[in-house]
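Colleague: I am sharing data_17.txt, which consists of compact mmCIF, C-alpha atoms:
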```txt
# COMPACT_ATOMS: atom_id res chain seq x y z
CA MET A 191 -44.27 -35.66 26.55
CA GLN A 192 -42.46 -35.73 23.20
CA TYR A 193 -45.21 -37.99 21.79
CA LEU A 194 -48.06 -35.77 23.02
CA PRO A 195 -48.40 -33.84 19.70
CA ASN A 196 -48.52 -37.15 17.80
CA ILE A 197 -51.25 -38.48 20.11
CA ILE A 198 -53.28 -35.28 19.80
CA PHE A 199 -52.87 -35.38 16.02
CA ALA A 200 -54.00 -39.02 15.87
CA ILE A 201 -57.09 -38.23 17.99
CA ILE A 202 -58.03 -35.24 15.80
CA LEU A 203 -57.52 -37.30 12.65
CA PHE A 204 -59.56 -40.22 14.02
CA VAL A 205 -62.44 -37.98 15.13
CA GLY A 206 -62.47 -36.04 11.84
CA VAL A 207 -62.41 -39.08 9.59
CA GLY A 208 -64.79 -41.00 11.87
CA TYR A 209 -67.43 -38.25 11.84
CA PHE A 210 -67.12 -37.98 8.07
CA ALA A 211 -67.58 -41.74 7.67
CA LYS A 212 -70.64 -41.62 9.94
CA ASN A 213 -72.26 -38.94 7.77
CA ILE A 214 -71.43 -40.79 4.57
CA ARG A 215 -73.15 -43.91 5.95
CA LYS A 216 -76.17 -41.74 6.75
CA LEU A 217 -76.12 -40.32 3.22
CA ILE A 218 -76.00 -43.81 1.69
CA ARG A 219 -78.87 -44.88 3.98
CA ASN A 220 -80.96 -41.94 2.79
CA ILE A 221 -80.27 -42.65 -0.88
CA LYS A 222 -81.27 -46.29 -0.38
CA LEU A 223 -84.71 -45.13 0.78
CA GLY A 224 -85.49 -44.76 -2.91
CA ARG A 225 -86.58 -47.51 -5.29
CA LYS A 226 -83.85 -49.69 -6.69
CA VAL A 227 -83.00 -49.16 -10.32
CA ASP A 228 -80.93 -51.31 -12.64
CA ALA A 229 -77.93 -49.37 -13.98
CA SER A 230 -75.80 -52.34 -15.02
CA ASP A 231 -76.16 -51.65 -18.74
CA ASN A 232 -73.72 -49.79 -21.02
CA LYS A 233 -70.85 -49.96 -18.56
CA SER A 234 -68.25 -48.72 -21.04
CA GLN A 235 -70.38 -45.67 -21.87
CA ARG A 236 -70.92 -44.97 -18.19
CA TRP A 237 -67.18 -45.05 -17.49
CA LYS A 238 -66.61 -42.71 -20.44
CA ASN A 239 -69.25 -40.31 -19.13
CA MET A 240 -67.64 -40.26 -15.69
CA ALA A 241 -64.17 -39.64 -17.15
CA ARG A 242 -65.36 -36.97 -19.55
CA ILE A 243 -67.92 -35.09 -17.43
CA ALA A 244 -66.82 -35.54 -13.80
CA LEU A 245 -63.06 -35.83 -14.21
CA GLY A 246 -62.64 -33.91 -17.47
CA GLN A 247 -65.16 -31.14 -16.59
CA SER A 248 -66.30 -31.14 -20.23
CA LYS A 249 -69.70 -29.55 -19.57
CA MET A 250 -68.32 -26.84 -17.30
CA VAL A 251 -66.48 -25.07 -20.12
CA LYS A 252 -69.69 -24.46 -22.06
CA ARG A 253 -69.62 -21.21 -20.09
CA PRO A 254 -65.92 -20.42 -20.60
CA ILE A 255 -65.17 -17.93 -17.80
CA ALA A 256 -66.85 -19.80 -14.97
CA GLY A 257 -65.76 -23.12 -16.44
CA PHE A 258 -62.08 -22.20 -16.66
CA LEU A 259 -62.03 -20.76 -13.13
CA HIS A 260 -63.82 -23.81 -11.78
CA ILE A 261 -61.25 -26.10 -13.38
CA ILE A 262 -58.46 -24.11 -11.69
CA VAL A 263 -60.13 -24.42 -8.29
CA TYR A 264 -60.99 -28.08 -8.85
CA VAL A 265 -57.54 -29.13 -10.09
CA GLY A 266 -55.70 -26.85 -7.68
CA PHE A 267 -57.53 -27.97 -4.59
CA ILE A 268 -57.27 -31.68 -5.44
CA ILE A 269 -53.56 -31.56 -6.32
CA ILE A 270 -52.57 -29.32 -3.42
CA ASN A 271 -54.25 -31.74 -1.04
CA ILE A 272 -51.87 -34.47 -2.15
CA GLU A 273 -49.56 -32.64 0.22
CA VAL A 274 -51.97 -33.61 3.02
CA LEU A 275 -50.52 -37.11 2.83
CA GLU A 276 -47.16 -35.71 3.91
CA ILE A 277 -48.80 -33.76 6.74
CA ILE A 278 -50.58 -36.88 8.01
CA ILE A 279 -47.36 -38.90 8.03
CA ASP A 280 -45.49 -36.07 9.75
CA GLY A 281 -48.27 -35.69 12.32
CA LEU A 282 -48.48 -39.37 13.16
CA PHE A 283 -44.76 -40.17 13.27
CA GLY A 284 -43.29 -36.85 14.38
CA THR A 285 -41.25 -36.32 11.20
CA HIS A 286 -40.84 -33.01 9.38
CA ARG A 287 -41.39 -32.89 5.61
CA ILE A 288 -41.03 -36.63 5.12
CA GLY A 289 -41.18 -35.99 1.38
CA LEU A 290 -37.60 -34.70 1.49
CA GLU A 291 -36.47 -38.06 2.85
CA VAL A 292 -38.14 -40.18 0.17
CA LEU A 293 -37.85 -37.89 -2.86
CA PRO A 294 -34.90 -36.10 -4.47
CA VAL A 295 -34.74 -32.45 -3.42
CA SER A 296 -35.32 -31.27 -6.99
CA VAL A 297 -38.44 -33.44 -7.38
CA TYR A 298 -39.83 -32.39 -4.02
CA GLY A 299 -39.09 -28.76 -4.83
CA PHE A 300 -40.83 -29.05 -8.20
CA LEU A 301 -43.95 -30.47 -6.57
CA ILE A 302 -44.15 -27.76 -3.91
CA ASP A 303 -43.52 -25.11 -6.58
CA ALA A 304 -46.49 -26.48 -8.52
CA PHE A 305 -48.61 -26.53 -5.36
CA GLU A 306 -47.76 -22.91 -4.55
CA ILE A 307 -48.54 -21.70 -8.08
CA LEU A 308 -51.87 -23.53 -7.99
CA ALA A 309 -52.60 -22.05 -4.55
CA VAL A 310 -52.25 -18.52 -5.96
CA LEU A 311 -54.40 -19.39 -8.99
CA VAL A 312 -57.05 -20.82 -6.65
CA LEU A 313 -57.00 -17.62 -4.59
CA ILE A 314 -57.49 -15.49 -7.72
CA SER A 315 -60.34 -17.72 -8.94
CA VAL A 316 -62.05 -17.68 -5.55
CA VAL A 317 -61.91 -13.87 -5.44
CA VAL A 318 -63.55 -13.73 -8.89
CA PHE A 319 -66.23 -16.18 -7.78
CA TRP A 320 -66.89 -14.09 -4.66
CA LEU A 321 -67.24 -10.93 -6.76
CA ARG A 322 -69.65 -12.65 -9.12
CA ARG A 323 -71.84 -13.69 -6.20
CA ASN A 324 -71.68 -10.62 -3.98
CA VAL A 325 -70.77 -7.59 -6.13
CA ILE A 326 -71.83 -8.33 -9.70
CA LYS A 327 -74.75 -10.39 -8.31
CA LEU A 328 -75.43 -12.63 -11.28
CA ARG A 329 -79.15 -13.19 -11.71
CA ARG A 330 -78.99 -16.96 -11.25
CA PHE A 331 -77.44 -16.49 -7.79
CA MET A 332 -80.15 -14.06 -6.69
CA ALA A 333 -83.23 -16.30 -7.13
CA ASN A 334 -85.63 -16.88 -4.22
CA GLU A 335 -84.35 -20.39 -3.52
CA MET A 336 -80.84 -18.98 -3.08
CA LYS A 337 -81.69 -16.73 -0.15
CA GLY A 338 -80.62 -17.59 3.38
CA TRP A 339 -78.50 -20.70 3.89
CA PRO A 340 -77.80 -21.44 0.18
CA LYS A 341 -76.29 -17.96 -0.25
CA SER A 342 -74.25 -18.25 2.95
CA ASP A 343 -73.11 -21.75 2.04
CA GLY A 344 -71.72 -20.54 -1.29
CA ASN A 345 -69.69 -17.84 0.46
CA ILE A 346 -68.53 -20.03 3.37
CA ILE A 347 -66.90 -22.49 1.00
CA LEU A 348 -65.05 -19.62 -0.72
CA TYR A 349 -63.77 -18.37 2.64
CA PHE A 350 -62.65 -21.91 3.45
CA GLU A 351 -60.64 -21.99 0.22
CA VAL A 352 -58.98 -18.65 0.94
CA VAL A 353 -58.00 -19.60 4.50
CA LEU A 354 -56.61 -23.01 3.53
CA MET A 355 -54.56 -21.65 0.62
CA CYS A 356 -53.18 -18.79 2.75
CA LEU A 357 -52.26 -21.18 5.56
CA PHE A 358 -50.43 -23.41 3.07
CA LEU A 359 -48.36 -20.50 1.77
CA LEU A 360 -47.74 -19.15 5.29
CA MET A 361 -46.63 -22.58 6.48
CA ASN A 362 -44.03 -22.72 3.70
CA ALA A 363 -42.91 -19.10 4.09
CA THR A 364 -42.19 -19.44 7.82
CA ASP A 365 -40.40 -22.81 7.58
CA THR A 366 -36.82 -21.52 7.66
CA SER A 367 -35.15 -24.87 6.86
CA PHE A 368 -37.43 -25.22 3.85
CA GLN A 369 -36.75 -21.68 2.65
CA ASP A 370 -32.99 -22.23 2.97
CA MET A 371 -33.24 -25.03 0.39
CA ASN A 372 -34.19 -22.54 -2.36
CA TYR A 373 -36.39 -25.28 -3.84
CA GLY A 374 -40.18 -25.34 -3.82
CA ASN A 375 -40.62 -21.76 -2.62
CA ILE A 376 -41.48 -20.05 -5.90
CA ILE A 377 -44.27 -18.04 -4.20
CA SER A 378 -43.50 -18.34 -0.49
CA GLN A 379 -40.03 -16.80 -1.00
CA PHE A 380 -41.79 -13.45 -1.51
CA ILE A 381 -43.80 -13.89 1.70
CA ALA A 382 -40.82 -14.95 3.85
CA PRO A 383 -39.28 -11.41 3.98
CA TRP A 384 -42.41 -10.21 5.81
CA PHE A 385 -41.11 -12.16 8.82
CA SER A 386 -37.43 -11.21 8.53
CA ASP A 387 -37.50 -9.31 11.85
CA VAL A 388 -39.31 -12.07 13.73
CA ALA A 389 -37.30 -14.10 16.26
CA PRO A 390 -36.59 -17.73 15.19
CA GLU A 391 -38.57 -19.11 18.11
CA THR A 392 -41.60 -16.99 17.22
CA LEU A 393 -41.22 -17.92 13.56
CA HIS A 394 -41.28 -21.59 14.48
CA ILE A 395 -44.46 -21.05 16.50
CA ILE A 396 -46.09 -19.32 13.51
CA GLU A 397 -45.07 -22.18 11.20
CA ARG A 398 -46.39 -24.83 13.59
CA THR A 399 -49.63 -22.89 14.13
CA ALA A 400 -50.17 -22.60 10.37
CA TRP A 401 -49.41 -26.33 10.00
CA TRP A 402 -51.92 -27.35 12.66
CA LEU A 403 -54.62 -24.95 11.42
CA HIS A 404 -54.12 -26.19 7.86
CA ILE A 405 -54.72 -29.85 8.66
CA VAL A 406 -57.53 -29.13 11.14
CA GLY A 407 -59.10 -26.81 8.55
CA ILE A 408 -59.00 -29.58 5.94
CA LEU A 409 -60.72 -31.99 8.33
CA ILE A 410 -63.38 -29.38 9.15
CA PHE A 411 -63.84 -28.76 5.42
CA LEU A 412 -64.18 -32.51 4.81
CA ASN A 413 -66.98 -32.78 7.37
CA TYR A 414 -68.62 -29.57 6.21
CA LEU A 415 -69.18 -31.16 2.78
CA TYR A 416 -72.07 -33.30 4.05
CA PHE A 417 -74.02 -30.19 5.07
CA SER A 418 -73.09 -28.23 1.94
CA LYS A 419 -73.92 -28.20 -1.74
CA HIS A 420 -70.22 -28.94 -2.25
CA LEU A 421 -70.94 -32.58 -1.60
CA HIS A 422 -70.81 -32.73 -5.40
CA ILE A 423 -67.00 -32.77 -5.09
CA LEU A 424 -67.41 -36.43 -4.08
CA LEU A 425 -70.75 -37.39 -5.64
CA ALA A 426 -70.15 -36.03 -9.15
CA PHE A 427 -68.27 -39.23 -10.00
CA PRO A 428 -70.97 -41.80 -9.09
CA ASN A 429 -73.66 -39.42 -10.35
CA THR A 430 -72.18 -39.17 -13.84
CA TYR A 431 -71.59 -42.92 -13.89
CA TYR A 432 -75.20 -43.74 -12.99
CA GLY A 433 -76.63 -40.96 -15.14
CA SER A 434 -79.02 -41.95 -17.91
CA VAL A 435 -77.49 -43.31 -21.10
CA GLU A 436 -80.87 -43.37 -22.85
CA PRO A 437 -81.90 -40.70 -25.40
CA LYS A 438 -83.00 -37.58 -23.52
CA GLY A 439 -86.50 -37.61 -25.00
CA LYS A 440 -87.23 -41.22 -24.04
CA PHE A 441 -90.06 -41.60 -21.52
CA ASN A 442 -89.91 -44.51 -19.11
CA ASN A 443 -92.93 -46.79 -19.15
CA LEU A 444 -94.53 -48.38 -16.12
CA GLU A 445 -94.47 -52.15 -16.35
CA ALA A 446 -98.00 -52.46 -14.95
CA VAL A 447 -99.39 -50.08 -17.57
CA THR A 448 -97.41 -51.77 -20.36
CA ASN A 449 -98.85 -55.14 -19.37
CA GLU A 450 -102.38 -53.71 -19.39
CA VAL A 451 -101.88 -52.30 -22.88
CA LYS A 452 -100.48 -55.61 -24.12
CA LEU A 453 -103.50 -57.35 -22.66
CA MET A 454 -105.83 -54.94 -24.45
CA MET A 455 -104.03 -55.46 -27.76
CA ASP A 456 -103.95 -59.27 -27.49
CA PRO A 457 -106.93 -60.70 -29.44
CA ASP A 458 -106.56 -64.03 -27.64
CA ALA A 459 -106.59 -62.57 -24.12
CA ASP A 460 -109.61 -63.12 -21.90
CA PRO A 461 -110.58 -59.69 -20.46
CA TYR A 462 -112.67 -61.43 -17.79
CA ALA A 463 -109.92 -63.75 -16.58
CA ALA A 464 -109.45 -63.77 -12.82
CA PRO A 465 -106.16 -62.34 -11.49
CA ALA A 466 -103.52 -64.66 -10.09
CA GLU A 467 -104.19 -65.84 -6.54
CA THR A 468 -101.11 -64.19 -5.09
CA ALA A 469 -102.11 -60.81 -6.49
CA ASP A 470 -104.70 -60.27 -3.72
CA ASP A 471 -101.97 -60.16 -1.09
CA GLU A 472 -99.80 -57.63 -2.91
CA VAL A 473 -100.07 -53.92 -2.25
CA PRO A 474 -100.57 -52.18 -5.61
CA ALA A 475 -97.57 -50.10 -6.57
CA LYS A 476 -98.03 -46.35 -6.51
CA PHE A 477 -98.13 -44.68 -9.90
CA GLY A 478 -95.56 -41.89 -9.96
CA ALA A 479 -94.13 -40.16 -6.91
CA SER A 480 -95.53 -37.98 -4.15
CA ASP A 481 -92.63 -38.27 -1.70
CA VAL A 482 -88.90 -39.01 -1.80
CA MET A 483 -89.40 -42.73 -1.02
CA ASP A 484 -91.31 -43.05 -4.31
CA LEU A 485 -88.35 -41.77 -6.33
CA ASN A 486 -85.54 -44.07 -7.40
CA GLN A 487 -82.09 -44.14 -5.87
CA ILE A 488 -80.44 -42.37 -8.82
CA GLN A 489 -82.89 -39.47 -8.49
CA LEU A 490 -82.05 -39.17 -4.79
CA LEU A 491 -78.34 -39.31 -5.65
CA ASN A 492 -79.04 -36.48 -8.11
CA ALA A 493 -80.55 -34.41 -5.31
CA TYR A 494 -77.48 -34.76 -3.10
CA THR A 495 -75.17 -34.04 -6.05
CA CYS A 496 -76.85 -30.76 -7.05
CA THR A 497 -74.27 -27.94 -7.10
CA GLU A 498 -76.94 -25.19 -6.96
CA CYS A 499 -75.09 -23.49 -9.82
CA GLY A 500 -78.39 -22.52 -11.46
CA ARG A 501 -77.37 -23.38 -15.01
CA CYS A 502 -80.50 -25.51 -15.33
CA THR A 503 -82.79 -22.70 -14.18
CA SER A 504 -81.07 -20.07 -16.32
CA ALA A 505 -81.74 -22.25 -19.40
CA CYS A 506 -85.33 -23.19 -18.46
CA PRO A 507 -87.82 -21.51 -20.86
CA ALA A 508 -90.60 -21.69 -18.29
CA ASN A 509 -88.48 -19.86 -15.71
CA LEU A 510 -87.30 -17.31 -18.28
CA THR A 511 -90.91 -16.41 -19.08
CA GLY A 512 -91.76 -15.78 -15.43
CA LYS A 513 -93.24 -19.14 -14.46
CA LYS A 514 -92.71 -20.50 -10.95
CA LEU A 515 -90.70 -23.49 -12.10
CA SER A 516 -87.01 -23.63 -11.21
CA PRO A 517 -85.30 -26.99 -11.90
CA ARG A 518 -82.66 -26.06 -9.31
CA LYS A 519 -85.39 -25.60 -6.69
CA ILE A 520 -86.83 -29.02 -7.59
CA MET A 521 -83.50 -30.63 -6.73
CA MET A 522 -82.96 -28.52 -3.59
CA ASP A 523 -86.49 -29.31 -2.34
CA THR A 524 -85.94 -33.03 -2.96
CA ARG A 525 -82.70 -32.95 -0.97
CA ASP A 526 -84.28 -30.93 1.85
CA ARG A 527 -87.20 -33.35 2.13
CA LEU A 528 -84.82 -36.33 2.02
CA GLU A 529 -82.78 -34.82 4.85
CA GLU A 530 -86.00 -34.25 6.81
CA VAL A 531 -86.98 -37.89 6.33
CA GLY A 532 -83.49 -38.99 7.39
CA LYS A 533 -83.72 -36.96 10.60
CA ASN A 534 -87.15 -38.47 11.26
CA ILE A 535 -85.63 -41.96 10.97
CA ASP A 536 -82.73 -41.02 13.27
CA ALA A 537 -85.15 -39.66 15.87
CA ASN A 538 -87.30 -42.82 15.80
CA ASN A 539 -84.65 -45.51 16.18
CA GLY A 540 -84.30 -46.30 12.49
CA GLU A 541 -87.99 -46.22 11.59
CA PHE A 542 -89.81 -43.53 9.63
CA LYS A 543 -92.96 -42.25 11.31
CA ASP A 544 -95.49 -40.38 9.23
CA ASP A 545 -94.98 -36.66 9.78
CA GLY A 546 -97.99 -35.56 7.76
CA LYS A 547 -95.82 -34.04 5.07
CA GLN A 548 -94.59 -35.05 1.65
CA LEU A 549 -92.50 -33.69 -1.19
CA LEU A 550 -95.52 -32.92 -3.36
CA GLY A 551 -97.50 -30.04 -1.95
CA ASP A 552 -95.36 -29.22 1.07
CA TYR A 553 -92.19 -28.55 -0.93
CA ILE A 554 -93.05 -28.63 -4.63
CA LEU A 555 -96.30 -27.12 -5.87
CA ASN A 556 -98.48 -28.41 -8.72
CA GLU A 557 -98.02 -25.08 -10.46
CA GLU A 558 -94.27 -25.66 -10.70
CA LEU A 559 -94.71 -29.14 -12.16
CA TRP A 560 -97.18 -28.15 -14.86
CA ALA A 561 -95.08 -25.18 -15.95
CA CYS A 562 -92.44 -27.58 -17.31
CA THR A 563 -92.33 -27.90 -21.11
CA THR A 564 -90.27 -31.15 -20.93
CA CYS A 565 -87.73 -29.58 -23.29
CA ASN A 566 -84.75 -31.21 -21.48
CA ALA A 567 -82.80 -27.91 -21.37
CA CYS A 568 -82.11 -28.42 -17.67
CA VAL A 569 -80.76 -31.92 -18.28
CA GLU A 570 -78.56 -30.72 -21.13
CA GLU A 571 -77.14 -27.82 -19.11
CA CYS A 572 -76.30 -29.65 -15.88
CA PRO A 573 -72.51 -30.03 -15.53
CA VAL A 574 -72.81 -33.24 -13.47
CA SER A 575 -75.61 -35.15 -15.30
CA ILE A 576 -78.48 -34.35 -12.92
CA ASN A 577 -81.98 -34.95 -14.32
CA PRO A 578 -84.62 -32.67 -12.69
CA LEU A 579 -87.07 -33.54 -15.47
CA SER A 580 -87.31 -37.17 -14.35
CA ILE A 581 -88.56 -36.06 -10.91
CA ILE A 582 -91.02 -33.62 -12.46
CA LEU A 583 -92.45 -36.34 -14.71
CA GLU A 584 -92.80 -38.84 -11.85
CA MET A 585 -94.73 -36.31 -9.79
CA ARG A 586 -96.91 -35.40 -12.76
CA ARG A 587 -97.59 -39.10 -13.24
CA TYR A 588 -98.78 -39.30 -9.64
CA LEU A 589 -101.09 -36.31 -10.09
CA VAL A 590 -102.65 -37.75 -13.26
CA MET A 591 -102.85 -41.46 -12.42
CA GLU A 592 -103.39 -41.38 -8.65
CA GLN A 593 -105.26 -38.13 -8.05
CA SER A 594 -106.79 -37.35 -11.46
CA ALA A 595 -105.47 -33.86 -10.83
CA ALA A 596 -104.27 -32.89 -14.29
CA PRO A 597 -105.01 -29.35 -15.50
CA MET A 598 -108.34 -28.87 -17.28
CA GLU A 599 -106.63 -28.37 -20.64
CA LEU A 600 -104.83 -31.69 -20.34
CA ASN A 601 -107.97 -33.51 -19.19
CA ASN A 602 -109.86 -32.12 -22.19
CA MET A 603 -107.08 -33.27 -24.51
CA MET A 604 -107.07 -36.80 -23.08
CA THR A 605 -110.88 -36.97 -23.30
CA ASN A 606 -110.71 -35.91 -26.95
CA ILE A 607 -108.09 -38.55 -27.71
CA GLU A 608 -110.26 -41.19 -26.03
CA ASN A 609 -113.45 -40.14 -27.85
CA ASN A 610 -112.17 -38.76 -31.15
CA GLY A 611 -108.74 -40.30 -31.63
CA ALA A 612 -107.13 -36.84 -31.70
CA PRO A 613 -106.44 -33.96 -29.27
CA TRP A 614 -109.06 -31.75 -30.94
CA PRO A 615 -112.79 -31.76 -30.13
CA TYR A 616 -113.89 -32.82 -33.60
CA ASN A 617 -115.68 -35.95 -34.70
CA GLN A 618 -113.38 -38.40 -36.46
CA MET A 619 -115.53 -38.10 -39.60
CA ASP A 620 -114.87 -34.35 -39.70
CA ARG A 621 -111.10 -34.44 -39.26
CA LEU A 622 -110.36 -33.79 -42.94
CA ASN A 623 -112.87 -30.99 -43.42
CA TRP A 624 -110.06 -28.44 -43.30
CA LYS A 625 -108.99 -29.50 -46.81
CA ASP A 626 -112.20 -28.10 -48.27
CA GLU A 627 -111.73 -24.64 -46.79
```
When written as structure tokens, how does the structure in this file appear?

Modeller:
Amino acid sequence: MQYLPNIIFAIILFVGVGYFAKNIRKLIRNIKLGRKVDASDNKSQRWKNMARIALGQSKMVKRPIAGFLHIIVYVGFIIINIEVLEIIIDGLFGTHRIGLEVLPVSVYGFLIDAFEILAVLVLISVVVFWLRRNVIKLRRFMANEMKGWPKSDGNIILYFEVVLMCLFLLMNATDTSFQDMNYGNIISQFIAPWFSDVAPETLHIIERTAWWLHIVGILIFLNYLYFSKHLHILLAFPNTYYGSVEPKGKFNNLEAVTNEVKLMMDPDADPYAAPAETADDEVPAKFGASDVMDLNQIQLLNAYTCTECGRCTSACPANLTGKKLSPRKIMMDTRDRLEEVGKNIDANNGEFKDDGKQLLGDYILNEELWACTTCNACVEECPVSINPLSIILEMRRYLVMEQSAAPMELNNMMTNIENNGAPWPYNQMDRLNWKDE
């Protein structure tokens, strides 16, 4: 019976990590539904971007208050969870604070002191974040796309943080042998007196309960990430690495269109030449994107990485002037549709069956797409290198090149360029008449 707790711990750990791994495989499967894209260029720049943006949080501090608090939560939560390694070893082998056996008491005490200070700072930051969302009600958290689950999700993760940090401090405060060391209890020493009248046996039960709840809570939190916007805790690193290293205003060209233009510009080309024999068997590639499978894998990774912070939307000039466009909603809709497609595949033994829906029209409206000014403000503002504009442009490309569904103003402009060599409806011979006025 003495090994029963170790066996139970091992089962809980195996189930928790196993379920997480299963969901991560599903996530990777969903991302691979997109078109492959070559991101093997500029490797040194990509590593620098990941170190500076994902690890260094450089873009977060552009908004100092939220940025500083986020860094505290980010650093605090990551560092405090180093202590999880000790919990796992203790749980599997039946030891108690194995760190004391492998580290000098002073070093171990210093580490736990640092963890406890960070735990308090995380608690303060989380309270401020909760107030910003639920009392101050910042405008970017009150948009239509943030109602329902997105709003609840933001709060649930804050409650998770509070519970885990409190359990960590309670676990230390009620561990009498640890408190007797007078090392590593810089915060918990002030909580310990609350239990001065509690019997030692009861105190031990409280400590063990806090210990078990802490590790189980971390495993629940780990598996909750897949269903939450906080998946960015893991995906921010690959997302910033694979983010575009091209100039923000550069538009990607379609190879098929480029080849057609080259053919038109080649004086030696035969415009009546027959296509290659193999071309008849190939299905013509779709121009642009109407559903998530038409997007590339980096764009789908972007969708899963979206933090729903709303910085993109709060900087979008179209949104600020009352248009329907919200870059954040574009990313959330893409992720929701991708999840829907993934569930369809799961329900049909690994094969996608047409459900009569697509990203364009059922999730994202034409009105949203054409409201975009392509100013790149959303791309510049995103703290984890997400590019909503690339998805908008791909869907616009589909509307123009596949459906001829561009707005009348744009169709008129393109007709004028074709006929007059300029966007204006004036004969080429009259283009300089303005100089005589």

Colleague: Could you pull the residues within 9 Å of A:Leu282, counting only C-alpha atoms, minus those fewer than 5 positions along the same chain, as an MDAnalysis selection string?

Modeller: chainID A and resid 195:197 199:200 277

Colleague: Could you jot down the atom CA of A:Ala400 to atom CA of A:Leu360 separation for me, Å, one decimal place?

Modeller: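 Atom CA of A:Ala400 sits 6.6 Å away from atom CA of A:Leu360.
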
Colleague: Give me, please, the distance in Å between atom CA of A:Ile243 and atom CA of A:Tyr209, quoted to one decimal.

Modeller: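 Spanning atom CA of A:Ile243 to atom CA of A:Tyr209 is a straight-line distance of 29.4 Å.
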
Colleague: Write out, as CSV, each residue of stretch 315-429 of chain A that has an atom at most 9 Å from stretch 562-579 of chain A, together with the closest pair of atoms and their distance in Å to one decimal, counting all atoms listed in the file, rows going by chain and rising number.

Modeller:
```
residue,atom,partner,partner_atom,distance
A:His422,CA,A:Val574,CA,8.3
A:Ala426,CA,A:Val574,CA,5.8
A:Phe427,CA,A:Val574,CA,8.3
A:Asn429,CA,A:Ser575,CA,6.8
```

Colleague: Return as a Markdown table the residues of stretch 257-367 of chain A lying at most 12 Å from stretch 407-418 of chain A, together with the closest atom-to-atom pair for each and the distance in Å to one decimal, counting all atoms listed in the file, with rows in chain order and ascending residue number.

Modeller:
```
| residue | atom | partner | partner_atom | distance |
| --- | --- | --- | --- | --- |
| A:Phe267 | CA | A:Ile408 | CA | 10.8 |
| A:Ile268 | CA | A:Ile408 | CA | 11.7 |
| A:Ile270 | CA | A:Ile408 | CA | 11.4 |
| A:Asn271 | CA | A:Ile408 | CA | 8.7 |
| A:Ile272 | CA | A:Ile408 | CA | 11.8 |
| A:Glu273 | CA | A:Ile408 | CA | 11.5 |
| A:Val274 | CA | A:Ile408 | CA | 8.6 |
| A:Leu275 | CA | A:Ile408 | CA | 11.8 |
| A:Ile277 | CA | A:Ile408 | CA | 11.1 |
| A:Ile278 | CA | A:Leu409 | CA | 11.3 |
| A:Trp339 | CA | A:Ser418 | CA | 9.5 |
| A:Pro340 | CA | A:Ser418 | CA | 8.4 |
| A:Lys341 | CA | A:Ser418 | CA | 11.0 |
| A:Ser342 | CA | A:Ser418 | CA | 10.1 |
| A:Asp343 | CA | A:Ser418 | CA | 6.5 |
| A:Gly344 | CA | A:Ser418 | CA | 8.5 |
| A:Asn345 | CA | A:Ser418 | CA | 11.0 |
| A:Ile346 | CA | A:Ser418 | CA | 9.5 |
| A:Ile347 | CA | A:Phe411 | CA | 8.3 |
| A:Leu348 | CA | A:Phe411 | CA | 11.1 |
| A:Tyr349 | CA | A:Phe411 | CA | 10.8 |
| A:Phe350 | CA | A:Phe411 | CA | 7.2 |
| A:Glu351 | CA | A:Phe411 | CA | 9.1 |
| A:Val352 | CA | A:Gly407 | CA | 11.2 |
| A:Val353 | CA | A:Gly407 | CA | 8.3 |
| A:Leu354 | CA | A:Gly407 | CA | 6.8 |
| A:Met355 | CA | A:Gly407 | CA | 10.5 |
| A:Cys356 | CA | A:Gly407 | CA | 11.5 |
| A:Leu357 | CA | A:Gly407 | CA | 9.4 |
| A:Phe358 | CA | A:Gly407 | CA | 10.8 |
```

Colleague: Taking only C-alpha atoms into account, name the residue in A:Ala475, A:Tyr193, A:Phe319, A:Asn617 that is nearest to A:Gly257.

Modeller: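 When distances to A:Gly257 are compared using only C-alpha atoms, the smallest one comes from A:Phe319.
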
Colleague: What gap, in Å, lies between atom CA of A:Ala446 and atom CA of A:Glu584?

Modeller: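 Separation of atom CA of A:Ala446 and atom CA of A:Glu584: 14.9 Å.
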
Colleague: When you count only C-alpha atoms, which of these residues is closest to A:Asp484: A:Lys252, A:Lys238, A:Lys216, A:Arg587?

Modeller: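 When distances to A:Asp484 are compared using only C-alpha atoms, the smallest one comes from A:Arg587.
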
Colleague: Please identify all polymer residues within 12 Å of A:Tyr264, counting all atoms listed in the file, omitting same-chain residues fewer than 6 positions from it, and present them as a list in words.

Modeller: Ala244, Leu245, Gly246, Gln247, Met250, Ala256, Gly257, Phe258, Ile270, Asn271, Leu308, Ala309, Leu311, Val312, Leu313, Ser315, Val316, Glu351, His420, His422, Ile423 and Leu424 of chain A

Colleague: Is it possible to get the residues within 12 Å of (-80.4, -51.7, -11.2) (coordinates as in the file, counting all atoms listed in the file) written as a PyMOL selection string?

Modeller: chain A and resi 224-231+432+434+486-488

Colleague: Put a box with edges along x, y and z around all the listed atoms of stretch 602-613 of chain A, pad it by 5 Å on each side, then give me its centre and sizes in Å, one decimal, as AutoDock Vina command-line options.

Modeller:
```
--center_x -109.9 --center_y -36.7 --center_z -26.9 --size_x 17.0 --size_y 19.1 --size_z 19.5
```

Colleague: Kindly assemble as a Markdown table a list of the stretch 208-291 of chain A residues that lie within 10 Å of stretch 524-534 of chain A, each paired with its nearest atom pair and their distance in Å to one decimal, using all atoms listed in the file, sorted first by chain and then by ascending residue number.

Modeller:
```
| residue | atom | partner | partner_atom | distance |
| --- | --- | --- | --- | --- |
| A:Lys216 | CA | A:Gly532 | CA | 7.8 |
| A:Leu217 | CA | A:Gly532 | CA | 8.6 |
| A:Arg219 | CA | A:Gly532 | CA | 8.2 |
| A:Asn220 | CA | A:Gly532 | CA | 6.0 |
| A:Ile221 | CA | A:Leu528 | CA | 8.3 |
| A:Leu223 | CA | A:Leu528 | CA | 8.9 |
| A:Gly224 | CA | A:Leu528 | CA | 9.8 |
```
